[in-house]
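A.B. asks: Take a look at this one; I'll ask things after.
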Amino acid sequence: MRRGALALAATAALLAGCATTENALNDADKLLAEREAAKQLPTANLSSYAVSLGRFGHMLDIYKDGDPVVYMQTRNILDATNLSNPLVGSEIPGDITEMVRTAVNRIGARIVYVPYHPDYLISQAQLGAKFGVTMPDFLITGALTEFDRALSGAGRSNSASVDFGKGKGETNIGADLKRTAILSALALDLNLVSFSTQQMVPRIQASNVIKVLNFSSEDNASLGFYGDSFGFKLEGKYLQGRHSAIRTLVDLSVLELMGKATNTPYWRCIPNGVPDPVVVENMQRSFEGLTPQLKVGLIQVMLRKYGENVTVNQQLDEPTKEALRRVYSTRYPQMGDTVDVLSWKGFEPLFFGVPMPWDPPPQTAGTAAPAAPGTPAAPAKVGT
């Protein structure tokens, strides 16, 4: 008994010795270091199309070299569905104007956003500040126009159980799996307004929709022996962020809107993008309305964007013809031996295919001739 009491006293003394202020502080420092190391750091808030907007800015530097800067402004881009109202749960943001501003400003120096804060300007003017005012060329108007909640949904479940043994050896094993997916839809409409005329620019608009996923899963398992059992249950839920989905919509819609406004092949900035018929038709109409001399001048301008050192003299001279042969035989061998570059069909690939840094390597002449893979393709002959 005496030895037991001594052992108990020694253990208590040992524990008391460990519970010191110094040890507590060391434990706190260790815990802080562990939590700080595991803490998630802030990341850039980028949508899938943020890179595309940057690429579009680079594309404008090439296509619009020498053109004046386009100044943009927005009206307030609000929620037209009224589902941002607190009375219905504020499911989506009520004002996405700042997202639109960020998307426009992400493009680059060719598209400049002009803020509109009259109260701030008046206050600064009263303090004696002097500044100039830049008038925008275009206004962006629009709204969140659709939010169809639970547009479609589906669920699946699987269950299985096995019983074996008798008496005290009776055993039961069971499992259940459930999966449920619900899709909602969000839509954004943007339009372009000429600031000088206060009229909408015909056919320059973007109307896009995105699906938002609500996914849940449930897994159950149980094991029983002779009437006694135990089990576990795992539940998971994923709700795609609606604000994040709206930012993706905004970035894509601004890219489309500005691509149409500048008649630039913006779809090349998007993975697996397809040509926009509005841009194609606008360029075709503009090209076909030019005189032959102006067409040749435009062709020479485009050749310079391919790295060909030709003089823009509006004459289809021999250096221009030679540059066309090199470009078409290297990049567009599918056009054949004779290309009429003064027709839209012949000029279209030259305009829309200007090399960009993110493009894959051009198809070599050796791989362009299926009949004789190892033989270089014949150089294109330029027709007029």
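Numbering starts fresh at 1 for the residues of each chain in the structure tokens, the chains themselves are lettered A, B, ... in the order given, and ligands are numbered from 1 as they appear.
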Please, which residues in stretch 47-87 of chain A fall within 12 Å of stretch 184-191 of chain A when counting only C-alpha atoms, and what is the closest atom pair and distance in Å to one decimal for each, ordered by chain then residue number, as a tab-separated table?

C.D. replies:
residue	atom	partner	partner_atom	distance
A:Gln73	CA	A:Asn191	CA	12.0
A:Thr74	CA	A:Asn191	CA	10.1
A:Arg75	CA	A:Asn191	CA	10.5
A:Asn76	CA	A:Leu190	CA	11.3
A:Ile77	CA	A:Leu190	CA	8.6
A:Leu78	CA	A:Leu188	CA	10.0
A:Asp79	CA	A:Leu188	CA	9.2
A:Ala80	CA	A:Leu188	CA	9.7
A:Thr81	CA	A:Ala187	CA	10.1
A:Leu83	CA	A:Leu186	CA	11.3

A.B. asks: Would you write out those residues with N, CA and C atoms, as a PDB file, in the first residue's frame?

C.D. replies:
ATOM      1  N   GLN A  73     -17.151  52.661 -70.983  1.00  0.00           N
ATOM      2  CA  GLN A  73     -17.802  52.973 -69.716  1.00  0.00           C
ATOM      3  C   GLN A  73     -19.001  52.037 -69.573  1.00  0.00           C
ATOM      4  N   THR A  74     -19.473  51.854 -68.368  1.00  0.00           N
ATOM      5  CA  THR A  74     -20.617  50.969 -68.156  1.00  0.00           C
ATOM      6  C   THR A  74     -21.723  51.705 -67.409  1.00  0.00           C
ATOM      7  N   ARG A  75     -22.936  51.312 -67.710  1.00  0.00           N
ATOM      8  CA  ARG A  75     -24.043  51.621 -66.816  1.00  0.00           C
ATOM      9  C   ARG A  75     -23.993  50.598 -65.684  1.00  0.00           C
ATOM     10  N   ASN A  76     -24.824  50.770 -64.685  1.00  0.00           N
ATOM     11  CA  ASN A  76     -24.884  49.777 -63.614  1.00  0.00           C
ATOM     12  C   ASN A  76     -25.463  48.473 -64.166  1.00  0.00           C
ATOM     13  N   ILE A  77     -24.716  47.399 -63.991  1.00  0.00           N
ATOM     14  CA  ILE A  77     -25.159  46.078 -64.447  1.00  0.00           C
ATOM     15  C   ILE A  77     -25.758  45.368 -63.234  1.00  0.00           C
ATOM     16  N   LEU A  78     -27.075  45.242 -63.217  1.00  0.00           N
ATOM     17  CA  LEU A  78     -27.786  44.780 -62.029  1.00  0.00           C
ATOM     18  C   LEU A  78     -28.476  43.443 -62.281  1.00  0.00           C
ATOM     19  N   ASP A  79     -29.123  42.963 -61.236  1.00  0.00           N
ATOM     20  CA  ASP A  79     -29.896  41.721 -61.305  1.00  0.00           C
ATOM     21  C   ASP A  79     -31.330  42.050 -61.709  1.00  0.00           C
ATOM     22  N   ALA A  80     -31.748  41.540 -62.859  1.00  0.00           N
ATOM     23  CA  ALA A  80     -33.115  41.781 -63.329  1.00  0.00           C
ATOM     24  C   ALA A  80     -34.081  40.684 -62.904  1.00  0.00           C
ATOM     25  N   THR A  81     -33.586  39.646 -62.238  1.00  0.00           N
ATOM     26  CA  THR A  81     -34.464  38.554 -61.815  1.00  0.00           C
ATOM     27  C   THR A  81     -35.059  38.794 -60.432  1.00  0.00           C
ATOM     28  N   LEU A  83     -33.816  38.019 -57.707  1.00  0.00           N
ATOM     29  CA  LEU A  83     -33.448  36.963 -56.764  1.00  0.00           C
ATOM     30  C   LEU A  83     -32.273  37.364 -55.883  1.00  0.00           C
TER      31      LEU A  83
END

A.B. asks: Enumerate the residues of stretch 11-171 of chain A with a DSSP assignment of helix (DSSP H, G or I), computed from the backbone, and present them as an MDAnalysis selection string.

C.D. replies: chainID A and resid 11:18 21:38 50:63 86:88 97:105 118:126 167:169

A.B. asks: What is the atom CA of A:Thr141 to atom CA of A:Thr262 distance in Å?

C.D. replies: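 Taking atom CA of A:Thr141 and atom CA of A:Thr262, their separation equals 17.3 Å.
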
A.B. asks: If you count only C-alpha atoms, which residues fall within 12 Å of A:Val301, apart from same-chain ones fewer than 3 positions away, as a PyMOL selection string?

C.D. replies: chain A and resi 62-66+294-298+304-315+320+323-324+350-351+354
